[in-house]
>>> print(open('entry27.csv').read())   # CSV, C-alpha atoms and all ligand atoms
chain,number,residue,atom,x,y,z
A,13,MET,CA,11.9,-17.8,10.8
A,14,GLU,CA,10.2,-21.0,11.5
A,15,LYS,CA,12.3,-24.0,10.4
A,16,ALA,CA,10.8,-27.0,8.7
A,17,GLU,CA,12.6,-30.4,8.5
A,18,TYR,CA,13.6,-30.7,4.9
A,19,ILE,CA,14.7,-28.5,2.0
A,20,TRP,CA,14.7,-29.7,-1.6
A,21,GLN,CA,18.1,-28.9,-3.1
A,22,ASN,CA,19.1,-29.9,-6.6
A,23,GLY,CA,16.8,-32.9,-6.7
A,24,GLU,CA,17.4,-34.2,-3.1
A,25,PHE,CA,15.4,-33.8,0.1
A,26,VAL,CA,18.1,-32.6,2.6
A,27,PRO,CA,17.8,-31.7,6.3
A,28,TRP,CA,17.1,-28.0,6.7
A,29,ASP,CA,20.5,-27.2,8.4
A,30,GLU,CA,22.5,-29.0,5.7
A,31,ALA,CA,21.0,-27.0,2.7
A,32,THR,CA,24.1,-24.9,2.2
A,33,VAL,CA,26.0,-23.4,-0.8
A,34,HIS,CA,29.6,-22.5,-1.6
A,35,VAL,CA,30.6,-18.9,-0.7
A,36,LEU,CA,31.8,-18.4,-4.3
A,37,SER,CA,28.3,-19.1,-5.7
A,38,HIS,CA,27.8,-16.6,-8.6
A,39,GLY,CA,24.3,-15.6,-7.4
A,40,LEU,CA,25.6,-14.6,-4.0
A,41,HIS,CA,28.0,-12.1,-5.6
A,42,TYR,CA,25.9,-10.7,-8.5
A,43,GLY,CA,22.3,-11.5,-7.6
A,44,THR,CA,22.0,-13.9,-10.6
A,45,GLY,CA,19.0,-15.8,-9.3
A,46,VAL,CA,15.2,-15.9,-10.0
A,47,PHE,CA,12.7,-16.9,-7.4
A,48,GLU,CA,9.0,-17.3,-6.5
A,49,GLY,CA,6.8,-16.8,-3.5
A,50,ILE,CA,3.9,-19.1,-3.4
A,51,ARG,CA,1.4,-20.1,-0.6
A,52,CYS,CA,-0.2,-23.4,0.3
A,53,TYR,CA,-3.5,-23.2,2.3
A,54,ASP,CA,-5.3,-25.8,4.3
A,55,GLY,CA,-8.8,-25.4,2.9
A,56,GLU,CA,-11.8,-27.4,1.6
A,57,LEU,CA,-9.6,-29.5,-0.6
A,58,GLY,CA,-7.1,-30.2,2.1
A,59,PRO,CA,-3.6,-28.6,1.8
A,60,ALA,CA,-3.6,-27.0,-1.7
A,61,ILE,CA,-1.1,-24.6,-3.5
A,62,PHE,CA,-2.6,-21.4,-4.8
A,63,ARG,CA,-2.0,-20.8,-8.5
A,64,HIS,CA,1.0,-23.2,-8.5
A,65,ASP,CA,1.2,-23.4,-12.4
A,66,GLU,CA,1.2,-19.6,-12.8
A,67,HIS,CA,4.0,-19.2,-10.3
A,68,LEU,CA,6.1,-21.9,-11.9
A,69,LEU,CA,5.5,-20.4,-15.3
A,70,ARG,CA,6.6,-17.0,-14.1
A,71,LEU,CA,9.7,-18.6,-12.6
A,72,ALA,CA,10.5,-20.1,-16.0
A,73,ASP,CA,9.9,-16.7,-17.7
A,74,SER,CA,12.1,-14.9,-15.2
A,75,ALA,CA,14.9,-17.5,-15.8
A,76,ARG,CA,14.6,-17.2,-19.6
A,77,MET,CA,14.8,-13.4,-19.5
A,78,TYR,CA,18.1,-13.6,-17.6
A,79,PHE,CA,19.4,-16.5,-19.7
A,80,LEU,CA,19.4,-19.0,-16.9
A,81,ASP,CA,18.5,-22.5,-18.2
A,82,LEU,CA,16.4,-24.3,-15.5
A,83,PRO,CA,17.7,-27.8,-15.0
A,84,TYR,CA,14.2,-29.2,-14.1
A,85,GLU,CA,10.8,-29.3,-15.9
A,86,GLN,CA,7.8,-27.5,-14.5
A,87,GLU,CA,6.1,-30.7,-13.5
A,88,GLU,CA,9.2,-32.0,-11.7
A,89,LEU,CA,9.3,-28.8,-9.6
A,90,ALA,CA,5.6,-29.0,-9.0
A,91,GLU,CA,5.8,-32.6,-7.7
A,92,ALA,CA,9.0,-31.8,-5.7
A,93,THR,CA,7.1,-29.0,-4.0
A,94,ARG,CA,4.0,-31.2,-3.1
A,95,GLU,CA,6.3,-33.9,-1.8
A,96,LEU,CA,8.3,-31.4,0.2
A,97,ILE,CA,5.2,-30.1,1.9
A,98,ARG,CA,4.0,-33.6,2.7
A,99,ARG,CA,7.4,-34.7,4.0
A,100,ASN,CA,7.6,-31.6,6.3
A,101,GLY,CA,4.1,-32.4,7.6
A,102,LEU,CA,2.9,-28.9,6.7
A,103,ARG,CA,-0.6,-27.9,5.7
A,104,ASP,CA,-0.4,-24.1,5.5
A,105,CYS,CA,2.9,-22.7,4.4
A,106,TYR,CA,4.9,-20.3,2.2
A,107,ILE,CA,6.9,-21.8,-0.6
A,108,ARG,CA,10.2,-20.3,-1.9
A,109,PRO,CA,11.7,-21.9,-5.1
A,110,LEU,CA,15.0,-20.3,-6.2
A,111,ALA,CA,17.2,-20.9,-9.2
A,112,PHE,CA,20.6,-19.3,-9.2
A,113,ARG,CA,24.0,-19.4,-10.9
A,114,GLY,CA,26.1,-21.5,-8.6
A,115,TYR,CA,29.8,-22.2,-8.0
A,116,GLY,CA,32.3,-22.8,-10.8
A,117,GLU,CA,33.0,-19.5,-12.6
A,118,MET,CA,33.3,-15.9,-11.6
A,119,GLY,CA,32.9,-12.7,-13.7
A,120,LEU,CA,29.9,-11.4,-15.4
A,121,TYR,CA,29.6,-13.7,-18.4
A,122,ALA,CA,29.8,-16.9,-16.4
A,123,ARG,CA,27.8,-19.2,-18.6
A,124,ASN,CA,29.7,-22.2,-17.2
A,125,ALA,CA,28.6,-21.6,-13.6
A,126,PRO,CA,26.0,-24.3,-13.1
A,127,ILE,CA,22.4,-23.4,-12.3
A,128,GLU,CA,21.4,-24.6,-8.9
A,129,MET,CA,17.9,-24.9,-7.6
A,130,MET,CA,16.2,-25.1,-4.2
A,131,ILE,CA,12.7,-25.1,-2.8
A,132,ALA,CA,12.0,-24.3,0.8
A,133,VAL,CA,8.7,-24.3,2.7
A,134,TRP,CA,7.9,-22.9,6.1
A,135,SER,CA,5.1,-21.3,8.1
A,136,TRP,CA,5.0,-17.6,7.4
A,137,GLY,CA,2.2,-15.5,9.0
A,138,ALA,CA,0.8,-12.2,8.0
A,139,TYR,CA,3.6,-10.4,6.0
A,140,LEU,CA,2.5,-6.9,7.0
A,141,GLY,CA,1.2,-8.0,10.4
A,142,GLU,CA,-2.2,-9.3,11.6
A,143,GLU,CA,-3.1,-5.8,12.8
A,144,GLY,CA,-2.3,-4.3,9.4
A,145,LYS,CA,-4.4,-6.9,7.6
A,146,ARG,CA,-7.4,-6.2,9.8
A,147,HIS,CA,-7.2,-2.4,10.3
A,148,GLY,CA,-4.9,-1.2,7.5
A,149,ILE,CA,-1.3,-0.1,7.3
A,150,ARG,CA,0.4,3.3,7.1
A,151,ALA,CA,2.4,3.7,3.9
A,152,LYS,CA,4.8,6.3,2.6
A,153,VAL,CA,5.9,7.1,-0.9
A,154,SER,CA,9.6,6.2,-1.1
A,155,SER,CA,12.2,8.5,-2.5
A,156,TRP,CA,13.6,5.5,-4.4
A,157,ARG,CA,11.9,4.9,-7.8
A,158,ARG,CA,11.1,1.4,-9.0
A,159,ILE,CA,13.6,-0.2,-11.4
A,160,THR,CA,12.8,0.5,-15.0
A,161,SER,CA,12.7,-1.6,-18.1
A,162,SER,CA,15.5,0.4,-19.5
A,163,SER,CA,18.0,-0.9,-17.0
A,164,LEU,CA,16.5,-4.1,-15.6
A,165,ILE,CA,13.5,-6.4,-16.2
A,166,PRO,CA,10.6,-5.3,-13.9
A,167,HIS,CA,8.5,-8.3,-15.1
A,168,ALA,CA,11.1,-10.8,-13.9
A,169,LYS,CA,11.3,-11.8,-10.2
A,170,ALA,CA,15.1,-11.8,-10.0
A,171,SER,CA,17.1,-11.8,-6.8
A,172,GLY,CA,19.4,-8.8,-7.6
A,173,GLN,CA,16.4,-6.6,-8.5
A,174,TYR,CA,15.2,-6.8,-4.8
A,175,LEU,CA,17.9,-4.4,-3.7
A,176,ASN,CA,15.6,-1.8,-5.1
A,177,SER,CA,12.7,-3.0,-2.9
A,178,ILE,CA,15.0,-3.3,0.0
A,179,LEU,CA,16.2,0.4,-0.3
A,180,ALA,CA,12.5,1.5,-0.4
A,181,LYS,CA,11.4,-0.7,2.4
A,182,THR,CA,14.4,0.2,4.7
A,183,GLU,CA,13.8,3.9,4.1
A,184,THR,CA,10.1,3.8,5.0
A,185,ALA,CA,10.5,1.3,7.9
A,186,GLN,CA,13.2,3.5,9.4
A,187,ALA,CA,10.8,6.5,9.1
A,188,GLY,CA,8.1,4.4,11.0
A,189,TYR,CA,5.8,3.2,8.3
A,190,GLU,CA,4.7,-0.3,7.6
A,191,GLU,CA,5.2,-0.2,3.8
A,192,ALA,CA,6.7,1.7,1.0
A,193,ILE,CA,5.0,2.8,-2.2
A,194,LEU,CA,7.3,3.1,-5.1
A,195,LEU,CA,6.7,5.5,-8.1
A,196,ASP,CA,7.9,4.5,-11.5
A,197,GLU,CA,10.6,6.5,-13.3
A,198,ARG,CA,8.0,8.8,-14.7
A,199,GLY,CA,6.6,9.6,-11.3
A,200,PHE,CA,3.4,7.5,-11.6
A,201,VAL,CA,2.3,5.1,-8.9
A,202,CYS,CA,4.0,1.7,-9.4
A,203,GLU,CA,3.7,-0.8,-6.5
A,204,GLY,CA,4.7,-1.6,-2.9
A,205,SER,CA,8.1,-3.1,-2.0
A,206,GLY,CA,6.5,-6.6,-2.2
A,207,GLU,CA,2.9,-6.0,-3.3
A,208,ASN,CA,0.9,-4.5,-6.1
A,209,ILE,CA,-1.5,-1.6,-5.4
A,210,PHE,CA,-5.2,-0.9,-6.1
A,211,VAL,CA,-7.0,2.5,-5.7
A,212,VAL,CA,-10.7,2.8,-5.4
A,213,SER,CA,-12.4,6.2,-6.1
A,214,ASP,CA,-16.1,6.9,-6.7
A,215,GLY,CA,-16.9,3.2,-7.0
A,216,SER,CA,-14.3,2.5,-9.7
A,217,VAL,CA,-11.1,0.6,-9.3
A,218,ALA,CA,-7.7,1.3,-10.9
A,219,THR,CA,-4.3,-0.4,-10.7
A,220,PRO,CA,-1.1,0.5,-12.5
A,221,PRO,CA,-0.5,-1.1,-15.9
A,222,GLN,CA,2.4,-3.3,-17.1
A,223,THR,CA,4.0,-0.2,-18.6
A,224,ALA,CA,4.4,1.3,-15.1
A,225,SER,CA,7.3,-1.2,-14.4
A,226,ILE,CA,5.2,-3.4,-12.1
A,227,LEU,CA,5.9,-7.0,-11.3
A,228,ASP,CA,2.9,-8.7,-12.9
A,229,GLY,CA,1.6,-10.0,-9.7
A,230,ILE,CA,-0.4,-13.2,-9.6
A,231,THR,CA,-2.4,-12.0,-6.7
A,232,ARG,CA,-3.1,-8.8,-8.7
A,233,LYS,CA,-4.4,-10.9,-11.6
A,234,SER,CA,-6.6,-12.9,-9.2
A,235,VAL,CA,-8.0,-9.8,-7.6
A,236,ILE,CA,-8.8,-8.3,-11.0
A,237,THR,CA,-10.7,-11.5,-11.9
A,238,ILE,CA,-12.5,-11.5,-8.5
A,239,LEU,CA,-13.5,-7.8,-8.9
A,240,ARG,CA,-14.7,-8.2,-12.4
A,241,ASP,CA,-16.7,-11.3,-11.5
A,242,SER,CA,-18.2,-9.2,-8.7
A,243,GLY,CA,-19.4,-6.6,-11.1
A,244,PHE,CA,-16.7,-4.0,-10.7
A,245,GLU,CA,-14.8,-2.3,-13.6
A,246,VAL,CA,-11.1,-2.4,-13.1
A,247,ALA,CA,-8.9,0.0,-15.1
A,248,GLU,CA,-5.3,-0.8,-15.6
A,249,ARG,CA,-4.1,2.8,-16.0
A,250,ASP,CA,-1.5,5.2,-14.8
A,251,ILE,CA,-2.2,6.6,-11.4
A,252,ALA,CA,-0.9,10.0,-10.3
A,253,ARG,CA,0.7,10.2,-6.8
A,254,SER,CA,-1.9,12.8,-5.8
A,255,GLU,CA,-4.7,10.4,-6.6
A,256,LEU,CA,-3.6,8.4,-3.7
A,257,TYR,CA,-4.3,11.3,-1.3
A,258,GLY,CA,-7.9,11.7,-2.6
A,259,ALA,CA,-8.7,8.0,-2.9
A,260,ASP,CA,-11.7,6.4,-1.1
A,261,GLU,CA,-9.8,3.2,-0.5
A,262,ILE,CA,-6.4,1.8,-1.2
A,263,PHE,CA,-5.3,-1.8,-0.8
A,264,MET,CA,-2.1,-3.7,-1.6
A,265,CYS,CA,-1.9,-7.4,-2.5
A,266,GLY,CA,0.7,-10.1,-3.0
A,267,THR,CA,1.3,-13.7,-2.1
A,268,ALA,CA,3.0,-13.1,1.2
A,269,ALA,CA,0.9,-10.0,2.2
A,270,GLU,CA,-2.4,-11.3,0.7
A,271,VAL,CA,-4.9,-8.4,0.6
A,272,VAL,CA,-4.0,-5.5,3.0
A,273,PRO,CA,-5.9,-2.2,3.4
A,274,VAL,CA,-3.9,1.0,3.4
A,275,ARG,CA,-5.3,3.5,5.9
A,276,GLU,CA,-2.8,6.3,5.5
A,277,VAL,CA,-0.4,7.5,2.8
A,278,ASP,CA,2.2,10.3,3.5
A,279,GLU,CA,0.2,11.4,6.5
A,280,HIS,CA,-3.0,11.7,4.5
A,281,PRO,CA,-5.8,9.5,6.1
A,282,ILE,CA,-7.5,7.3,3.5
A,283,SER,CA,-10.1,5.3,5.3
A,284,ASP,CA,-10.7,2.4,7.6
A,285,PRO,CA,-10.9,-0.8,5.5
A,286,GLY,CA,-13.7,0.2,3.0
A,287,PRO,CA,-16.4,-1.9,1.4
A,288,VAL,CA,-14.5,-2.8,-1.8
A,289,THR,CA,-11.4,-3.7,0.2
A,290,LEU,CA,-13.4,-5.9,2.6
A,291,LEU,CA,-15.2,-7.6,-0.3
A,292,VAL,CA,-11.9,-8.4,-2.1
A,293,GLN,CA,-10.4,-9.6,1.2
A,294,LYS,CA,-13.4,-11.9,1.8
A,295,ARG,CA,-13.6,-13.3,-1.8
A,296,TYR,CA,-9.8,-13.8,-2.0
A,297,GLU,CA,-9.9,-15.7,1.2
A,298,ASP,CA,-12.8,-17.8,-0.1
A,299,ALA,CA,-10.7,-18.5,-3.2
A,300,ILE,CA,-7.5,-19.5,-1.4
A,301,TYR,CA,-9.4,-21.8,1.0
A,302,GLY,CA,-11.4,-23.5,-1.8
A,303,ARG,CA,-14.7,-22.1,-0.6
A,304,ASP,CA,-15.7,-20.6,-4.0
A,305,PRO,CA,-16.3,-23.1,-6.7
A,306,ARG,CA,-15.5,-20.5,-9.4
A,307,TYR,CA,-11.9,-20.5,-8.3
A,308,THR,CA,-11.1,-24.1,-7.3
A,309,ALA,CA,-9.2,-24.6,-10.5
A,310,TRP,CA,-6.7,-22.2,-9.0
A,311,LEU,CA,-5.8,-24.8,-6.4
A,312,ASP,CA,-3.3,-27.6,-6.7
A,313,PRO,CA,-4.0,-30.2,-3.9
A,314,VAL,CA,-1.0,-31.5,-2.2
A,315,GLY,CA,-2.3,-34.6,-0.5
A,316,GLU,CA,-2.2,-35.4,3.2
A,317,PRO,CA,1.1,-34.9,5.1
A,318,ALA,CA,3.1,-38.1,5.9
A,319,ARG,CA,3.8,-36.9,9.4
A,320,SER,CA,3.0,-34.0,11.8
A,321,ALA,CA,5.3,-31.1,12.0
A,322,ARG,CA,7.6,-30.2,14.9
A,323,PRO,CA,8.8,-26.8,14.0
A,324,ASP,CA,11.9,-25.3,15.6
A,325,THR,CA,12.4,-21.5,15.6
A,326,VAL,CA,15.6,-19.7,14.8
A,327,GLU,CA,16.2,-15.9,14.8
A,328,SER,CA,16.0,-14.4,11.3
A,401,LIG,N1,5.6,-6.7,-6.5
A,401,LIG,C1,6.8,-7.1,-5.9
A,401,LIG,C2,8.0,-6.2,-6.0
A,401,LIG,C3,6.8,-8.3,-5.2
A,401,LIG,O1,7.9,-8.7,-4.7
A,401,LIG,C4,5.6,-9.1,-5.2
A,401,LIG,C5,5.6,-10.4,-4.4
A,401,LIG,C6,4.4,-8.6,-5.8
A,401,LIG,C7,4.5,-7.4,-6.5
A,401,LIG,C8,3.1,-9.4,-5.8
A,401,LIG,O2,3.3,-10.5,-6.7
A,401,LIG,P1,2.5,-11.9,-6.4
A,401,LIG,O3,3.0,-12.5,-5.2
A,401,LIG,O4,2.7,-12.7,-7.7
A,401,LIG,O5,1.0,-11.5,-6.3
A,401,LIG,N2,6.4,-10.4,-3.3
A,401,LIG,C9,6.8,-11.7,-2.8
A,401,LIG,C10,8.1,-11.7,-2.0
A,401,LIG,C11,8.0,-11.1,-0.6
A,401,LIG,C12,9.4,-11.3,0.1
A,401,LIG,O6,9.6,-10.5,1.0
A,401,LIG,O7,10.2,-12.1,-0.2
A,401,LIG,C13,5.7,-12.5,-2.2
A,401,LIG,O8,4.6,-11.9,-1.9
A,401,LIG,O9,5.8,-13.7,-2.0
>>> encode(input="entry27.csv", output="structure tokens")
Amino acid sequence: MEKAEYIWQNGEFVPWDEATVHVLSHGLHYGTGVFEGIRCYDGELGPAIFRHDEHLLRLADSARMYFLDLPYEQEELAEATRELIRRNGLRDCYIRPLAFRGYGEMGLYARNAPIEMMIAVWSWGAYLGEEGKRHGIRAKVSSWRRITSSSLIPHAKASGQYLNSILAKTETAQAGYEEAILLDERGFVCEGSGENIFVVSDGSVATPPQTASILDGITRKSVITILRDSGFEVAERDIARSELYGADEIFMCGTAAEVVPVREVDEHPISDPGPVTLLVQKRYEDAIYGRDPRYTAWLDPVGEPARSARPDTVES
């Protein structure tokens, strides 16, 4: 990954290499953390964070659902993030806030282990590759089903939950595909390992509903708004696996991935990036770069960087 200069850790701006934790941190052992993935784009308003409030609200919701009391208010975290981006001299970056149970107590009911928080920012390019973004990716339905609300909290973005995504991603990557599609416990289409999914058939657009164990993606919500504003009907409904094979277009979306066409599922060709996918890609890009006045309220301007960045690179 591409290093930046500072990381915000428990209220302080510390040099990147010094942002460390104790090996007995609770979250490291049990996955007791909640996080966000956010992006800042250098657009018409200067560097600006896309849907910052919504991401921080989801972070607070995820924390509440796992009984983690966040030690900072939303506005403190928002300002810490803007300041961190300015101090690192970045204009276009990925933002990763994380709150986790830290060091102090082991065992499963460790209410005395303190909640620690960090925010890191770094340059992160196309999550599923530039080529995939332009020409579409090959996806495979994973044999691993998405976590269900009877055993975990699909609506929360919690660290431990990602073992499920990692199993699916690893399986499909090892089989030579760019992304996994997970079904929910009932066998309906749920989402990608790190993206939500949309299916276009006969001019209508569908995406799985909340009851299909999805993470309620902020990009998903933005795309639904963009599609409806563009005159499309979007149904939030269950989608059968076989509907994927007959779809006119499929695309995935998420903060890291943005909007990515799917050109093949389980060896069934779908299409080259189709007209609806291309329209969503274009209008989403206009929104994130502040080029569409309908969506500038989604942007939180950061202000100009205090210095220019000199990124190092380390192996990830
Ligand atoms: N589903 C999952 C499981 C998921 O992880 C993400 C985001 C989404 C849907 C889309 O949510 P949103 O970003 O709010 O539109 N995945 C994040 C983490 C990726 C990672 O590898 O880490 C992201 O896109 O930032």
>>> residues_near_ligand(input="entry27.csv", ligand="ligand LIG 401 (chain A)", cutoff="8 Å", atoms="all atoms listed in the file", output="PyMOL selection string")
chain A and resi 48-51+67+106+108+139+169+174+177+203-208+226-233+265-270
>>> residues_around(input="entry27.csv", residues="Tyr42 in chain A", least_positions_apart="5", cutoff="9 Å", atoms="all atoms listed in the file", output="short mmCIF file (atom, residue, chain, number, x, y, z; two decimals) with C-alpha atoms, keeping the file's coordinate frame")
data_model
loop_
_atom_site.label_atom_id
_atom_site.label_comp_id
_atom_site.auth_asym_id
_atom_site.auth_seq_id
_atom_site.Cartn_x
_atom_site.Cartn_y
_atom_site.Cartn_z
CA GLY A 119 32.90 -12.70 -13.70
CA LEU A 120 29.90 -11.40 -15.40
CA GLY A 172 19.40 -8.80 -7.60
#
>>> closest_residue(input="entry27.csv", among="A:Ile300, A:Val201, A:Met13, A:Ile238", to="Gly137 in chain A", atoms="all atoms listed in the file")
A:Met13
>>> atom_distance(input="entry27.csv", atom1="CA of Glu87 in chain A", atom2="CA of Gly55 in chain A")
22.8 Å
>>> atom_distance(input="entry27.csv", atom1="CA of Ile97 in chain A", atom2="CA of Glu128 in chain A")
20.2 Å
>>> closest_atom_pairs(input="entry27.csv", of="range 127-182 of chain A", to="range 283-294 of chain A", cutoff="12 Å", atoms="all atoms listed in the file", output="JSON lines")
{"residue": "A:Glu143", "atom": "CA", "partner": "A:Pro285", "partner_atom": "CA", "distance": 11.8}
{"residue": "A:Gly144", "atom": "CA", "partner": "A:Pro285", "partner_atom": "CA", "distance": 10.1}
{"residue": "A:Lys145", "atom": "CA", "partner": "A:Pro285", "partner_atom": "CA", "distance": 9.2}
{"residue": "A:Arg146", "atom": "CA", "partner": "A:Pro285", "partner_atom": "CA", "distance": 7.7}
{"residue": "A:His147", "atom": "CA", "partner": "A:Pro285", "partner_atom": "CA", "distance": 6.3}
{"residue": "A:Gly148", "atom": "CA", "partner": "A:Pro285", "partner_atom": "CA", "distance": 6.3}
{"residue": "A:Ile149", "atom": "CA", "partner": "A:Asp284", "partner_atom": "CA", "distance": 9.7}
{"residue": "A:Arg150", "atom": "CA", "partner": "A:Ser283", "partner_atom": "CA", "distance": 10.8}
>>> write_last_selection(input="entry27.csv", atoms="C-alpha atoms", output="CSV table (one decimal), in the coordinates of the input")
chain,number,residue,atom,x,y,z
A,143,GLU,CA,-3.1,-5.8,12.8
A,144,GLY,CA,-2.3,-4.3,9.4
A,145,LYS,CA,-4.4,-6.9,7.6
A,146,ARG,CA,-7.4,-6.2,9.8
A,147,HIS,CA,-7.2,-2.4,10.3
A,148,GLY,CA,-4.9,-1.2,7.5
A,149,ILE,CA,-1.3,-0.1,7.3
A,150,ARG,CA,0.4,3.3,7.1
>>> closest_residue(input="entry27.csv", among="A:Pro166, A:Gly39, A:Pro313, A:Pro273", to="Ile209 in chain A", atoms="all atoms listed in the file")
A:Pro273
>>> residues_around(input="entry27.csv", residues="Asp278 in chain A", least_positions_apart="5", cutoff="7 Å", atoms="only C-alpha atoms", output="PDB file with C-alpha atoms, in the coordinates of the input")
ATOM      1  CA  ALA A 151       2.400   3.700   3.900  1.00  0.00           C
ATOM      2  CA  LYS A 152       4.800   6.300   2.600  1.00  0.00           C
ATOM      3  CA  VAL A 153       5.900   7.100  -0.900  1.00  0.00           C
TER       4      VAL A 153
END
>>> atom_distance(input="entry27.csv", atom1="CA of Ala259 in chain A", atom2="CA of Phe200 in chain A")
14.9 Å
>>> closest_residue(input="entry27.csv", among="A:Glu91, A:Tyr18, A:Leu179, A:His38", to="Met118 in chain A", atoms="all atoms listed in the file")
A:His38
>>> build_atoms(input="entry27.csv", residues="range 210-223 of chain A", atoms="N, CA, C and O atoms", output="PDB file, in the coordinates of the input")
ATOM      1  N   PHE A 210      -3.872  -1.190  -5.506  1.00  0.00           N
ATOM      2  CA  PHE A 210      -5.200  -0.900  -6.100  1.00  0.00           C
ATOM      3  C   PHE A 210      -5.721   0.384  -5.429  1.00  0.00           C
ATOM      4  O   PHE A 210      -5.574   0.546  -4.217  1.00  0.00           O
ATOM      5  N   VAL A 211      -6.374   1.229  -6.236  1.00  0.00           N
ATOM      6  CA  VAL A 211      -7.000   2.500  -5.700  1.00  0.00           C
ATOM      7  C   VAL A 211      -8.440   2.494  -6.091  1.00  0.00           C
ATOM      8  O   VAL A 211      -8.797   2.236  -7.248  1.00  0.00           O
ATOM      9  N   VAL A 212      -9.292   2.785  -5.122  1.00  0.00           N
ATOM     10  CA  VAL A 212     -10.700   2.800  -5.400  1.00  0.00           C
ATOM     11  C   VAL A 212     -11.201   4.284  -5.192  1.00  0.00           C
ATOM     12  O   VAL A 212     -10.917   4.912  -4.163  1.00  0.00           O
ATOM     13  N   SER A 213     -11.864   4.818  -6.226  1.00  0.00           N
ATOM     14  CA  SER A 213     -12.400   6.200  -6.100  1.00  0.00           C
ATOM     15  C   SER A 213     -13.771   6.202  -6.810  1.00  0.00           C
ATOM     16  O   SER A 213     -13.909   5.728  -7.946  1.00  0.00           O
ATOM     17  N   ASP A 214     -14.743   6.752  -6.136  1.00  0.00           N
ATOM     18  CA  ASP A 214     -16.100   6.900  -6.700  1.00  0.00           C
ATOM     19  C   ASP A 214     -16.606   5.548  -7.261  1.00  0.00           C
ATOM     20  O   ASP A 214     -17.160   5.526  -8.355  1.00  0.00           O
ATOM     21  N   GLY A 215     -16.351   4.464  -6.579  1.00  0.00           N
ATOM     22  CA  GLY A 215     -16.900   3.200  -7.000  1.00  0.00           C
ATOM     23  C   GLY A 215     -16.095   2.500  -8.133  1.00  0.00           C
ATOM     24  O   GLY A 215     -16.409   1.379  -8.538  1.00  0.00           O
ATOM     25  N   SER A 216     -15.076   3.183  -8.697  1.00  0.00           N
ATOM     26  CA  SER A 216     -14.300   2.500  -9.700  1.00  0.00           C
ATOM     27  C   SER A 216     -12.906   2.162  -9.201  1.00  0.00           C
ATOM     28  O   SER A 216     -12.386   2.815  -8.292  1.00  0.00           O
ATOM     29  N   VAL A 217     -12.349   1.109  -9.781  1.00  0.00           N
ATOM     30  CA  VAL A 217     -11.100   0.600  -9.300  1.00  0.00           C
ATOM     31  C   VAL A 217     -10.013   0.721 -10.314  1.00  0.00           C
ATOM     32  O   VAL A 217     -10.246   0.434 -11.497  1.00  0.00           O
ATOM     33  N   ALA A 218      -8.840   1.158  -9.913  1.00  0.00           N
ATOM     34  CA  ALA A 218      -7.700   1.300 -10.900  1.00  0.00           C
ATOM     35  C   ALA A 218      -6.468   0.661 -10.252  1.00  0.00           C
ATOM     36  O   ALA A 218      -6.293   0.625  -9.026  1.00  0.00           O
ATOM     37  N   THR A 219      -5.623   0.154 -11.131  1.00  0.00           N
ATOM     38  CA  THR A 219      -4.300  -0.400 -10.700  1.00  0.00           C
ATOM     39  C   THR A 219      -3.326  -0.085 -11.829  1.00  0.00           C
ATOM     40  O   THR A 219      -3.700  -0.055 -13.008  1.00  0.00           O
ATOM     41  N   PRO A 220      -2.067   0.174 -11.479  1.00  0.00           N
ATOM     42  CA  PRO A 220      -1.100   0.500 -12.500  1.00  0.00           C
ATOM     43  C   PRO A 220      -0.913  -0.556 -13.566  1.00  0.00           C
ATOM     44  O   PRO A 220      -1.033  -1.744 -13.261  1.00  0.00           O
ATOM     45  N   PRO A 221      -0.662  -0.155 -14.812  1.00  0.00           N
ATOM     46  CA  PRO A 221      -0.500  -1.100 -15.900  1.00  0.00           C
ATOM     47  C   PRO A 221       0.904  -1.684 -16.005  1.00  0.00           C
ATOM     48  O   PRO A 221       1.810  -1.222 -15.313  1.00  0.00           O
ATOM     49  N   GLN A 222       1.060  -2.665 -16.870  1.00  0.00           N
ATOM     50  CA  GLN A 222       2.400  -3.300 -17.100  1.00  0.00           C
ATOM     51  C   GLN A 222       3.440  -2.245 -17.439  1.00  0.00           C
ATOM     52  O   GLN A 222       4.594  -2.378 -17.061  1.00  0.00           O
ATOM     53  N   THR A 223       3.042  -1.198 -18.178  1.00  0.00           N
ATOM     54  CA  THR A 223       4.000  -0.200 -18.600  1.00  0.00           C
ATOM     55  C   THR A 223       4.514   0.689 -17.492  1.00  0.00           C
ATOM     56  O   THR A 223       5.403   1.502 -17.688  1.00  0.00           O
TER      57      THR A 223
END
